[in-house]
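Structure file data_31.cif; described as mmCIF, C-alpha atoms and all ligand atoms.
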```cif
data_final
loop_
_atom_site.label_atom_id
_atom_site.label_comp_id
_atom_site.auth_asym_id
_atom_site.auth_seq_id
_atom_site.Cartn_x
_atom_site.Cartn_y
_atom_site.Cartn_z
CA MET A 1 -23.35 -2.23 3.99
CA ASN A 2 -27.02 -1.55 4.54
CA GLN A 3 -28.72 -2.21 1.20
CA ALA A 4 -31.96 -0.54 2.29
CA ALA A 5 -30.21 2.78 2.06
CA LEU A 6 -29.21 2.15 -1.57
CA ALA A 7 -32.18 3.79 -3.20
CA PRO A 8 -31.69 7.55 -3.47
CA VAL A 9 -34.23 9.45 -1.40
CA ASN A 10 -36.00 12.44 -2.78
CA LEU A 11 -34.71 15.17 -0.48
CA PRO A 12 -33.47 18.59 -1.53
CA GLU A 13 -29.76 18.82 -2.12
CA ASN A 14 -28.12 20.84 0.60
CA ALA A 15 -24.88 22.77 0.70
CA CYS A 16 -21.51 21.12 0.66
CA HIS A 17 -20.23 19.16 3.67
CA ILE A 18 -16.59 18.96 2.71
CA PRO A 19 -14.26 21.35 0.89
CA PRO A 20 -13.59 20.66 -2.81
CA VAL A 21 -10.22 19.89 -4.36
CA HIS A 22 -9.05 22.57 -6.80
CA VAL A 23 -7.90 20.74 -9.91
CA SER A 24 -6.06 22.63 -12.62
CA GLU A 25 -2.84 22.20 -14.59
CA ASP A 26 -1.18 25.21 -12.97
CA ARG A 27 -1.57 23.58 -9.53
CA VAL A 28 0.47 20.49 -10.51
CA ILE A 29 3.69 20.21 -8.45
CA ARG A 30 4.98 16.79 -9.62
CA SER A 31 4.13 13.46 -11.25
CA VAL A 32 5.74 10.16 -10.26
CA VAL A 33 5.68 6.52 -11.40
CA GLY A 34 6.12 3.29 -9.47
CA LEU A 35 5.89 -0.44 -10.22
CA ARG A 36 3.68 -2.42 -7.84
CA PRO A 37 5.33 -5.79 -7.04
CA HIS A 38 2.41 -7.97 -8.06
CA ARG A 39 1.95 -11.73 -7.65
CA PRO A 40 -1.32 -13.09 -9.07
CA SER A 41 -1.56 -15.74 -6.32
CA GLY A 42 -0.76 -13.21 -3.58
CA PHE A 43 2.29 -12.30 -1.51
CA ARG A 44 4.84 -14.99 -0.63
CA ILE A 45 5.61 -15.72 3.03
CA GLU A 46 7.65 -18.89 2.95
CA ARG A 47 10.72 -20.43 4.58
CA GLU A 48 13.36 -21.90 2.27
CA GLN A 49 16.66 -23.59 3.06
CA VAL A 50 19.47 -22.30 0.82
CA GLY A 51 22.51 -24.35 1.75
CA ASP A 52 23.26 -23.57 5.40
CA THR A 53 21.14 -20.39 5.29
CA VAL A 54 17.45 -20.05 6.13
CA VAL A 55 15.73 -17.59 3.77
CA VAL A 56 12.27 -16.35 4.72
CA HIS A 57 10.49 -14.73 1.80
CA ASN A 58 8.27 -11.70 2.37
CA TYR A 59 7.50 -10.08 -0.98
CA GLY A 60 4.86 -9.64 -3.69
CA HIS A 61 2.42 -7.26 -1.97
CA GLY A 62 1.03 -5.66 -5.14
CA GLY A 63 -0.98 -2.51 -4.39
CA GLY A 64 -1.23 -3.18 -0.65
CA GLY A 65 2.31 -3.31 0.71
CA ILE A 66 2.18 -0.19 2.87
CA THR A 67 -1.11 -1.46 4.32
CA LEU A 68 -0.02 -5.04 5.03
CA SER A 69 3.64 -4.42 5.92
CA TRP A 70 3.53 -4.89 9.71
CA GLY A 71 1.24 -7.87 9.29
CA THR A 72 3.38 -9.82 6.83
CA ALA A 73 6.46 -8.82 8.85
CA LYS A 74 4.81 -10.55 11.83
CA LEU A 75 4.04 -13.68 9.77
CA ALA A 76 7.57 -13.79 8.37
CA THR A 77 9.32 -13.24 11.71
CA ASP A 78 7.12 -15.86 13.40
CA LEU A 79 8.27 -18.25 10.68
CA GLY A 80 11.96 -17.38 10.84
CA LEU A 81 12.98 -16.43 14.36
CA GLN A 82 11.90 -19.48 16.29
CA GLY A 83 14.99 -21.33 17.48
CA HIS A 84 17.35 -18.90 15.74
CA THR A 85 20.44 -17.47 17.40
CA GLY A 86 22.87 -14.91 16.00
CA PRO A 87 22.63 -11.91 13.68
CA VAL A 88 19.94 -11.53 11.04
CA ALA A 89 19.99 -10.03 7.53
CA VAL A 90 17.13 -8.30 5.76
CA LEU A 91 17.30 -7.78 1.99
CA GLY A 92 15.57 -4.59 0.84
CA CYS A 93 14.86 -1.23 2.41
CA GLY A 94 11.29 -0.56 1.29
CA VAL A 95 8.39 -0.67 3.71
CA ILE A 96 8.48 -4.49 3.86
CA GLY A 97 12.20 -4.65 4.66
CA LEU A 98 12.00 -1.88 7.25
CA THR A 99 8.98 -3.23 9.12
CA THR A 100 10.46 -6.75 9.06
CA ALA A 101 13.78 -5.41 10.36
CA ARG A 102 12.01 -3.50 13.17
CA MET A 103 10.13 -6.63 14.25
CA VAL A 104 13.37 -8.65 14.28
CA GLN A 105 14.98 -5.94 16.41
CA ASP A 106 11.99 -5.93 18.77
CA ALA A 107 12.61 -9.65 19.25
CA GLY A 108 16.15 -8.84 20.37
CA PHE A 109 18.31 -9.75 17.35
CA PRO A 110 21.00 -7.55 15.71
CA VAL A 111 19.99 -6.72 12.10
CA THR A 112 21.80 -5.59 8.95
CA ILE A 113 19.80 -4.45 5.93
CA TYR A 114 21.46 -5.15 2.56
CA THR A 115 19.84 -3.11 -0.16
CA LYS A 116 20.21 -2.04 -3.75
CA ALA A 117 18.42 1.29 -3.11
CA MET A 118 17.36 3.33 -0.09
CA PRO A 119 14.39 5.63 0.39
CA PRO A 120 13.47 7.88 -1.34
CA ASP A 121 14.41 5.63 -4.29
CA THR A 122 12.04 2.73 -3.52
CA THR A 123 8.58 1.82 -4.79
CA SER A 124 7.35 2.24 -1.23
CA ASN A 125 8.10 5.98 -1.43
CA ILE A 126 5.85 6.29 -4.50
CA ALA A 127 2.81 4.63 -2.89
CA GLY A 128 -0.31 6.63 -2.14
CA GLY A 129 -0.39 5.19 1.37
CA GLN A 130 -4.09 4.59 1.90
CA TRP A 131 -4.80 1.83 4.45
CA TYR A 132 -6.54 -0.78 2.31
CA PRO A 133 -5.13 -4.10 1.03
CA ALA A 134 -5.98 -3.43 -2.64
CA MET A 135 -4.82 -5.43 -5.66
CA VAL A 136 -2.86 -7.96 -3.61
CA TYR A 137 -3.95 -10.99 -5.71
CA ASP A 138 -5.69 -11.46 -9.06
CA ASP A 139 -8.78 -13.43 -8.20
CA ALA A 140 -10.09 -14.28 -4.74
CA ASP A 141 -11.72 -17.41 -6.13
CA LYS A 142 -8.29 -18.75 -7.05
CA VAL A 143 -6.24 -17.92 -3.95
CA THR A 144 -5.70 -20.77 -1.51
CA ALA A 145 -7.43 -21.02 1.85
CA SER A 146 -4.06 -20.75 3.60
CA PHE A 147 -3.28 -17.55 1.68
CA THR A 148 -6.65 -16.14 2.75
CA ASP A 149 -5.75 -16.93 6.38
CA GLN A 150 -2.41 -15.16 6.00
CA PHE A 151 -4.00 -12.21 4.21
CA LEU A 152 -6.64 -11.62 6.89
CA ALA A 153 -4.19 -12.17 9.77
CA ALA A 154 -1.73 -9.73 8.19
CA ALA A 155 -4.43 -7.12 7.55
CA LYS A 156 -5.71 -7.27 11.14
CA PHE A 157 -2.24 -7.12 12.72
CA ALA A 158 -1.13 -4.21 10.51
CA TYR A 159 -4.39 -2.34 11.08
CA GLU A 160 -3.88 -2.42 14.84
CA ARG A 161 -0.16 -1.65 14.62
CA TYR A 162 -0.74 1.48 12.53
CA GLN A 163 -3.31 2.71 15.03
CA ILE A 164 -0.61 3.08 17.69
CA MET A 165 1.47 5.06 15.14
CA THR A 166 -1.11 7.79 14.43
CA ASP A 167 1.46 10.51 14.87
CA PRO A 168 2.74 13.25 12.52
CA ARG A 169 6.28 11.82 12.82
CA TYR A 170 5.14 8.63 11.08
CA GLY A 171 2.76 10.47 8.74
CA VAL A 172 -0.13 8.28 9.92
CA ARG A 173 -3.60 9.69 10.55
CA TRP A 174 -7.24 8.72 10.27
CA MET A 175 -8.88 9.71 6.99
CA ARG A 176 -12.48 9.47 5.80
CA ASN A 177 -12.93 7.68 2.45
CA TYR A 178 -15.81 8.51 0.10
CA SER A 179 -16.59 6.05 -2.69
CA ILE A 180 -18.75 7.50 -5.42
CA SER A 181 -20.59 5.57 -8.09
CA ARG A 182 -22.95 6.34 -10.96
CA THR A 183 -24.73 3.04 -10.32
CA PRO A 184 -25.96 1.40 -7.09
CA PHE A 185 -23.28 -0.43 -5.10
CA GLN A 186 -23.50 -4.19 -5.47
CA PRO A 187 -22.89 -6.33 -2.41
CA ASN A 188 -19.60 -8.23 -2.84
CA ARG A 189 -18.81 -6.48 -6.09
CA GLY A 190 -15.76 -7.85 -7.88
CA SER A 191 -14.35 -11.25 -7.26
CA ASP A 192 -13.59 -10.96 -3.54
CA ARG A 193 -14.71 -14.10 -1.78
CA PRO A 194 -17.23 -13.63 1.05
CA ARG A 195 -14.65 -14.75 3.66
CA ILE A 196 -12.27 -11.98 2.57
CA VAL A 197 -15.07 -9.41 2.47
CA SER A 198 -16.42 -10.34 5.90
CA GLY A 199 -12.87 -10.57 7.30
CA LEU A 200 -12.06 -7.03 6.18
CA ASP A 201 -15.41 -5.55 7.17
CA PRO A 202 -14.51 -4.92 10.87
CA LEU A 203 -11.43 -3.05 9.63
CA LEU A 204 -13.58 -0.47 7.80
CA PRO A 205 -15.41 1.31 10.64
CA GLU A 206 -18.49 3.45 10.02
CA ARG A 207 -18.83 1.88 6.57
CA HIS A 208 -22.26 2.75 5.22
CA LEU A 209 -24.16 4.02 2.23
CA LEU A 210 -24.96 7.71 2.23
CA ARG A 211 -28.39 9.14 1.71
CA GLN A 212 -28.79 11.55 -1.16
CA GLU A 213 -28.56 14.62 1.09
CA GLU A 214 -25.40 13.23 2.71
CA ASN A 215 -23.66 12.59 -0.62
CA PRO A 216 -21.10 15.39 -1.09
CA PHE A 217 -21.23 14.86 -4.88
CA ARG A 218 -24.02 15.34 -7.41
CA ILE A 219 -23.35 11.83 -8.70
CA GLY A 220 -25.76 8.96 -8.09
CA TYR A 221 -24.47 7.03 -5.08
CA ALA A 222 -21.90 7.41 -2.33
CA SER A 223 -20.62 5.40 0.60
CA GLN A 224 -18.06 6.15 3.25
CA TYR A 225 -15.79 4.46 5.77
CA ASP A 226 -13.07 5.67 8.08
CA GLY A 227 -9.56 4.47 7.39
CA MET A 228 -5.98 5.60 7.73
CA ILE A 229 -3.41 7.21 5.48
CA MET A 230 0.26 6.46 5.99
CA GLU A 231 2.29 9.08 4.11
CA PRO A 232 5.19 7.00 2.76
CA PRO A 233 7.96 9.64 2.66
CA LEU A 234 7.38 10.43 6.35
CA LEU A 235 6.77 6.81 7.36
CA LEU A 236 9.91 5.46 5.70
CA ASN A 237 12.14 8.20 7.15
CA ALA A 238 10.79 7.55 10.63
CA LEU A 239 11.25 3.77 10.25
CA ILE A 240 14.88 4.20 9.16
CA THR A 241 15.48 6.49 12.15
CA ASP A 242 13.90 3.94 14.52
CA PHE A 243 15.93 1.15 12.91
CA ARG A 244 19.20 3.06 13.40
CA ILE A 245 18.35 4.09 16.98
CA ALA A 246 17.84 0.40 17.74
CA GLY A 247 21.39 -0.33 16.48
CA GLY A 248 20.55 -1.44 12.92
CA LYS A 249 23.10 -1.15 10.09
CA VAL A 250 22.38 -0.52 6.41
CA VAL A 251 24.76 -1.79 3.71
CA GLY A 252 24.34 -0.66 0.09
CA ARG A 253 24.60 -3.91 -1.87
CA GLU A 254 22.63 -5.62 -4.61
CA LEU A 255 22.44 -9.40 -4.18
CA LYS A 256 22.61 -11.14 -7.55
CA SER A 257 21.87 -14.81 -6.80
CA PRO A 258 20.77 -17.22 -4.07
CA ALA A 259 24.45 -18.30 -3.84
CA GLU A 260 25.40 -14.71 -2.99
CA VAL A 261 22.65 -14.62 -0.37
CA GLN A 262 24.04 -17.81 1.12
CA SER A 263 27.51 -16.25 1.32
CA LEU A 264 26.30 -13.56 3.78
CA LYS A 265 27.58 -14.08 7.31
CA GLU A 266 24.00 -14.00 8.67
CA LYS A 267 22.41 -17.46 8.54
CA LEU A 268 18.84 -16.14 8.76
CA VAL A 269 17.88 -13.85 5.87
CA PHE A 270 14.52 -12.18 5.25
CA ASN A 271 14.00 -11.58 1.53
CA CYS A 272 12.03 -8.31 1.21
CA THR A 273 13.18 -7.31 -2.26
CA GLY A 274 9.74 -6.63 -3.75
CA LEU A 275 9.86 -6.78 -7.55
CA GLY A 276 13.60 -7.55 -7.24
CA ALA A 277 12.66 -11.06 -6.05
CA LYS A 278 11.66 -11.90 -9.64
CA ALA A 279 15.31 -11.94 -10.76
CA LEU A 280 16.95 -12.80 -7.44
CA PHE A 281 14.89 -15.94 -6.73
CA ASP A 282 13.61 -16.53 -10.27
CA ASP A 283 9.96 -16.03 -9.30
CA LYS A 284 8.25 -16.15 -12.69
CA GLU A 285 4.91 -15.10 -11.19
CA MET A 286 6.11 -11.62 -10.27
CA ILE A 287 4.98 -8.84 -12.59
CA PRO A 288 5.05 -5.04 -12.37
CA VAL A 289 1.75 -3.18 -12.22
CA ARG A 290 2.69 0.35 -13.20
CA GLY A 291 1.09 3.27 -11.38
CA GLN A 292 1.39 6.99 -12.07
CA LEU A 293 0.44 9.71 -9.59
CA THR A 294 0.13 13.46 -10.03
CA PHE A 295 0.35 15.84 -7.05
CA LEU A 296 -1.35 19.22 -6.77
CA LEU A 297 -0.46 21.98 -4.31
CA PRO A 298 -1.40 20.94 -0.75
CA GLN A 299 -4.86 21.91 0.51
CA PRO A 300 -4.73 21.51 4.32
CA GLU A 301 -8.51 21.99 4.56
CA VAL A 302 -9.04 18.80 2.50
CA THR A 303 -8.64 15.84 4.87
CA TYR A 304 -10.55 13.08 3.05
CA ALA A 305 -10.08 10.59 0.20
CA ALA A 306 -12.41 10.23 -2.80
CA LEU A 307 -12.64 7.13 -5.01
CA PHE A 308 -14.61 7.16 -8.25
CA GLU A 309 -14.56 4.64 -11.10
CA ASP A 310 -10.87 4.24 -12.00
CA ILE A 311 -9.57 7.38 -10.25
CA TYR A 312 -8.76 8.27 -6.65
CA MET A 313 -7.68 11.30 -4.60
CA PHE A 314 -5.90 11.17 -1.23
CA SER A 315 -5.17 14.28 0.76
CA ARG A 316 -1.61 14.33 2.08
CA ARG A 317 0.64 16.87 3.72
CA ASP A 318 2.96 16.87 0.69
CA GLY A 319 0.12 17.53 -1.74
CA ILE A 320 -3.21 16.43 -3.13
CA LEU A 321 -2.54 13.04 -4.71
CA LEU A 322 -4.42 12.11 -7.87
CA GLY A 323 -4.14 8.49 -9.01
CA GLY A 324 -5.77 5.79 -11.03
CA THR A 325 -3.23 4.01 -13.25
CA HIS A 326 -2.82 0.21 -13.16
CA GLN A 327 -0.84 -1.20 -16.08
CA ALA A 328 0.13 -4.84 -15.67
CA GLY A 329 3.38 -5.89 -17.33
CA ASN A 330 4.51 -2.31 -18.04
CA TRP A 331 8.09 -1.68 -16.78
CA SER A 332 8.32 1.99 -17.80
CA LEU A 333 9.28 4.45 -15.06
CA GLU A 334 8.81 7.46 -17.35
CA VAL A 335 5.99 9.89 -16.59
CA ASP A 336 3.44 9.76 -19.39
CA GLN A 337 2.16 13.30 -20.01
CA ALA A 338 -0.98 12.10 -21.82
CA THR A 339 -1.95 10.19 -18.66
CA VAL A 340 -1.28 13.29 -16.53
CA LYS A 341 -3.73 15.26 -18.67
CA GLU A 342 -6.30 12.46 -18.75
CA LYS A 343 -6.30 12.01 -14.95
CA LEU A 344 -6.40 15.77 -14.35
CA ALA A 345 -9.45 16.04 -16.59
CA ALA A 346 -11.22 13.13 -14.87
CA HIS A 347 -10.55 14.56 -11.38
CA ALA A 348 -11.58 18.07 -12.49
CA GLU A 349 -14.90 16.64 -13.66
CA LEU A 350 -15.39 14.75 -10.38
CA PHE A 351 -14.74 17.78 -8.18
CA ARG A 352 -16.87 20.04 -10.42
CA SER A 353 -19.71 17.71 -9.52
CA MET A 354 -19.40 18.49 -5.79
CA LYS A 355 -22.27 20.28 -4.13
CA PRO A 356 -21.21 23.94 -4.10
CA CYS A 357 -20.17 25.66 -0.87
C1 LIG B 401 1.28 4.29 -7.69
C2 LIG B 401 1.26 3.36 -6.51
C3 LIG B 401 0.33 3.57 -5.51
C4 LIG B 401 0.29 2.71 -4.39
N1 LIG B 401 -0.61 2.97 -3.39
C5 LIG B 401 -0.64 2.18 -2.30
C6 LIG B 401 -1.53 2.46 -1.24
O1 LIG B 401 -2.29 3.44 -1.29
N2 LIG B 401 -1.54 1.62 -0.16
C7 LIG B 401 -0.70 0.55 -0.08
O2 LIG B 401 -0.77 -0.19 0.92
N3 LIG B 401 0.18 0.27 -1.07
C8 LIG B 401 0.22 1.04 -2.17
N4 LIG B 401 1.09 0.76 -3.21
C9 LIG B 401 1.86 -0.50 -3.17
C10 LIG B 401 3.16 -0.39 -2.38
O3 LIG B 401 3.94 0.68 -2.88
C11 LIG B 401 3.96 -1.68 -2.49
O4 LIG B 401 3.16 -2.81 -2.23
C12 LIG B 401 5.11 -1.66 -1.48
O5 LIG B 401 5.84 -0.46 -1.60
C13 LIG B 401 6.04 -2.84 -1.65
O6 LIG B 401 7.07 -2.68 -0.73
P1 LIG B 401 8.42 -3.49 -0.84
O7 LIG B 401 9.23 -3.11 0.35
O8 LIG B 401 8.12 -4.92 -1.09
O9 LIG B 401 9.08 -2.98 -2.20
P2 LIG B 401 10.08 -1.76 -2.50
O10 LIG B 401 9.62 -0.51 -1.88
O11 LIG B 401 10.28 -1.79 -3.98
O12 LIG B 401 11.41 -2.19 -1.77
C14 LIG B 401 12.21 -3.24 -2.26
C15 LIG B 401 13.61 -3.03 -1.75
O13 LIG B 401 14.42 -4.13 -2.16
C16 LIG B 401 15.61 -3.64 -2.74
N5 LIG B 401 16.09 -4.67 -3.67
C17 LIG B 401 15.47 -5.13 -4.78
N6 LIG B 401 16.22 -6.10 -5.36
C18 LIG B 401 17.32 -6.25 -4.58
C19 LIG B 401 18.47 -7.08 -4.64
N7 LIG B 401 18.62 -7.96 -5.64
N8 LIG B 401 19.41 -6.96 -3.68
C20 LIG B 401 19.28 -6.06 -2.68
N9 LIG B 401 18.22 -5.24 -2.58
C21 LIG B 401 17.25 -5.34 -3.52
C22 LIG B 401 15.20 -2.33 -3.37
O14 LIG B 401 16.33 -1.52 -3.63
C23 LIG B 401 14.29 -1.79 -2.27
O15 LIG B 401 15.07 -1.17 -1.26
C24 LIG B 401 1.19 1.62 -4.31
C25 LIG B 401 2.15 1.43 -5.32
C26 LIG B 401 2.19 2.29 -6.41
C27 LIG B 401 3.24 2.09 -7.45
#
```

Write the structure described by the file as structure tokens, please.
Ligand SMILES: Cc1cc2nc3c(=O)[nH]c(=O)nc-3n(C[C@H](O)[C@H](O)[C@H](O)COP(=O)(O)OP(=O)(O)OC[C@H]3O[C@@H](n4cnc5c(N)ncnc54)[C@H](O)[C@@H]3O)c2cc1C
Amino acid sequence: MNQAALAPVNLPENACHIPPVHVSEDRVIRSVVGLRPHRPSGFRIEREQVGDTVVVHNYGHGGGGITLSWGTAKLATDLGLQGHTGPVAVLGCGVIGLTTARMVQDAGFPVTIYTKAMPPDTTSNIAGGQWYPAMVYDDADKVTASFTDQFLAAAKFAYERYQIMTDPRYGVRWMRNYSISRTPFQPNRGSDRPRIVSGLDPLLPERHLLRQEENPFRIGYASQYDGMIMEPPLLLNALITDFRIAGGKVVGRELKSPAEVQSLKEKLVFNCTGLGAKALFDDKEMIPVRGQLTFLLPQPEVTYAALFEDIYMFSRRDGILLGGTHQAGNWSLEVDQATVKEKLAAHAELFRSMKPC
């Protein structure tokens, strides 16, 4: 971003540019909780021989699974399909399982999905759905160079794939993101390594700092970039429909052990079980990062996203989504009412600070 534009300029504040979100308790329509399938060293794309079965792992996407799905599906299928003949199994029916299954079908193989739960009862349905690979690893300084290659390749592939899905049926559209900060933005803030930052930069078009008179909020500093939102309930329904039209079968079944996986008739299996991979393949790294979201009545005139400190708002067709909870190691799926109140208050304060229309 252009640092020269960081210093606020002394121009009169003008009227609002974008409509405000109306935040109040009586506009709440639901609150939901999901557990992000987090792996501190990043997602796992790896081929493993389990007896006479090839298992290709594709799990552990943390807070960026909707974003990266098509990209890690491409990496996983490139790893698994070469030289394979015969039917293929996919474990899991979240966004990772469905995109992997669709790519296997596109390559011409018959696919069966074996899954413990179907949408809407997956973590993928809970996701906010903003296109950004957030919270996918703990510390960029500690991830390996080969993971960084996979991460950037997956991000780029998925970014381009979603662009050809910008259609109401998939719930995918372009969305402007405003980041707001009380303090000046620091270049490379956080622990993201320069290679990751510069690799993602071309995927954040029109990213720039806003001048004071362009800032929609009466809070110090703002930047914007254009991105996409993929509304998970619509996306997952459309993917299941596409999967079935292409001849795919879904079997309701929880796999309990690698031996059970090996007993499937398919000798190539993609493991897309998200947090379920912790127990199924004894991955001790996997931890839940709990997230809670509250939805307000839809406001069709609000088409943007706003990110401020530890809270965020995405505008979706099924409501105004208010988020900002990240609790590592917390397995609770219960809605916490104190958090609902706390996030409502923080968002109300943010939108009260918008320049009035
Ligand atoms: C509050 C919140 C907000 C988020 N916001 C975003 C966002 O804005 N953008 C973004 O990109 N990502 C976001 N995410 C992250 C995203 O939801 C996840 O990264 C993604 O859904 C992971 O997909 P998955 O398919 O791996 O997991 P899941 O959706 O959990 O699917 C796993 C599947 O495997 C099945 N399964 C599990 N164990 C077994 C087993 N033993 N046998 C058979 N089947 C099994 C499950 O039933 C399920 O069908 C958010 C997550 C949360 C919780």

Legend entry - Residue with smallest distance to ligand LIG 401 (chain B) - pool A:Ser41, A:Asn125, A:Thr72, A:Gln224, counting all atoms listed in the file: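 Looking at the shortest contact to ligand LIG 401 (chain B), the residue is A:Asn125.
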
Inset, instruction - Residues within 6 Å of ligand LIG 401 (chain B), counting only C-alpha atoms and all ligand atoms: report them as number ranges by chain. - result: A: 34-36, 59, 61-67, 91-97, 114-118, 122-124, 126-133, 253-256, 272-274, 276, 280, 291-293

Legend entry - Closest of A:Ala101, A:Gln212, A:Gly329, A:Ala155 to Arg244 (chain A) - atom-to-atom distances counting all atoms listed in the file: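 Closest residue, counting all atoms listed in the file: A:Ala101.
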
Would you compute the box with edges along x, y and z of the file around region 192-195 of chain A, including every atom the file lists for it and 4 Å extra on each side, and give its centre and edge lengths in Å to one decimal, as AutoDock Vina command-line options?
```
--center_x -15.4 --center_y -12.9 --center_z 0.1 --size_x 11.6 --size_y 11.8 --size_z 15.2
```

Legend entry - All residues 12 Å or closer to Ala348 (chain A), all atoms listed in the file, same chain fewer than 2 positions away omitted, as a VMD selection string: chain A and resid 20 to 25 27 296 311 to 313 322 341 to 346 350 to 354

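For Val269 (chain A), the list of residues within 8 Å, based on all atoms listed in the file and with local chain neighbours fewer than 5 positions off taken out, reads Thr53, Val54, Val55, Val56, Val88, Ala89, Val90, Leu91 and Val261 of chain A.
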
Just the selected residues (C-alpha atoms), exported as a PDB file, keeping the file's coordinate frame, please.
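And here's out.pdb as it stands now:
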```
ATOM      1  CA  THR A  53      21.140 -20.390   5.290  1.00  0.00           C
ATOM      2  CA  VAL A  54      17.450 -20.050   6.130  1.00  0.00           C
ATOM      3  CA  VAL A  55      15.730 -17.590   3.770  1.00  0.00           C
ATOM      4  CA  VAL A  56      12.270 -16.350   4.720  1.00  0.00           C
ATOM      5  CA  VAL A  88      19.940 -11.530  11.040  1.00  0.00           C
ATOM      6  CA  ALA A  89      19.990 -10.030   7.530  1.00  0.00           C
ATOM      7  CA  VAL A  90      17.130  -8.300   5.760  1.00  0.00           C
ATOM      8  CA  LEU A  91      17.300  -7.780   1.990  1.00  0.00           C
ATOM      9  CA  VAL A 261      22.650 -14.620  -0.370  1.00  0.00           C
TER      10      VAL A 261
END
```

Legend entry - Pick from A:Glu266, A:Glu213, A:Asp167, A:Asp121 nearest to Asp52 (chain A), counting all atoms listed in the file: A:Glu266

Inset, instruction - Just give me the gap between CA of Gly80 (chain A) and CA of Ala246 (chain A) in Å, one decimal is fine. - result: 20.0 Å

Inset, instruction - Would you work out the distance separating CA of Asp336 (chain A) from CA of Pro300 (chain A), expressed in Å to one decimal? - result: 27.7 Å

Legend entry - Close residues, region 202-208 of chain A itself excluded, 8 Å, all atoms listed in the file, min 4 positions apart in chain, as a VMD selection string: chain A and resid 1 to 2 156 159 198 223 to 227

Legend entry - Point-to-point distance from CA of Trp70 (chain A) to CA of Thr99 (chain A), Å rounded to tenths: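 Atom-to-atom, CA of Trp70 (chain A) to CA of Thr99 (chain A), that is 5.7 Å.
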
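Using only C-alpha atoms, the shortest contact distance between Ile113 (chain A) and any of A:Gly248, A:Gly71, A:Gly42, A:Gly324 is found at A:Gly248.
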
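If all atoms listed in the file are the atoms counted, then among A:Met175, A:Ile29, A:Ala306, A:Leu75 the closest residue to Met230 (chain A) is A:Met175.
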
Legend entry - Minimum-distance residue to Glu48 (chain A), chosen among A:Pro110, A:Pro258, A:Gly199, A:Pro233 (using all atoms listed in the file):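 Closest to Glu48 (chain A), using all atoms listed in the file: A:Pro258.
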
Inset, instruction - Pick out the residues sitting within 12 Å of Gly247 (chain A), and hand them over as a PyMOL selection string; count all atoms listed in the file, and ignore anything fewer than 6 positions along from it in its own chain. - result: chain A and resi 87+101-102+104-106+108-113+240-241

Legend entry - Within 12 Å of Tyr221 (chain A) using all atoms listed in the file, minus same-chain residues under 3 positions, as a PyMOL selection string: chain A and resi 3+5-9+178-186+208-218+224+307-309
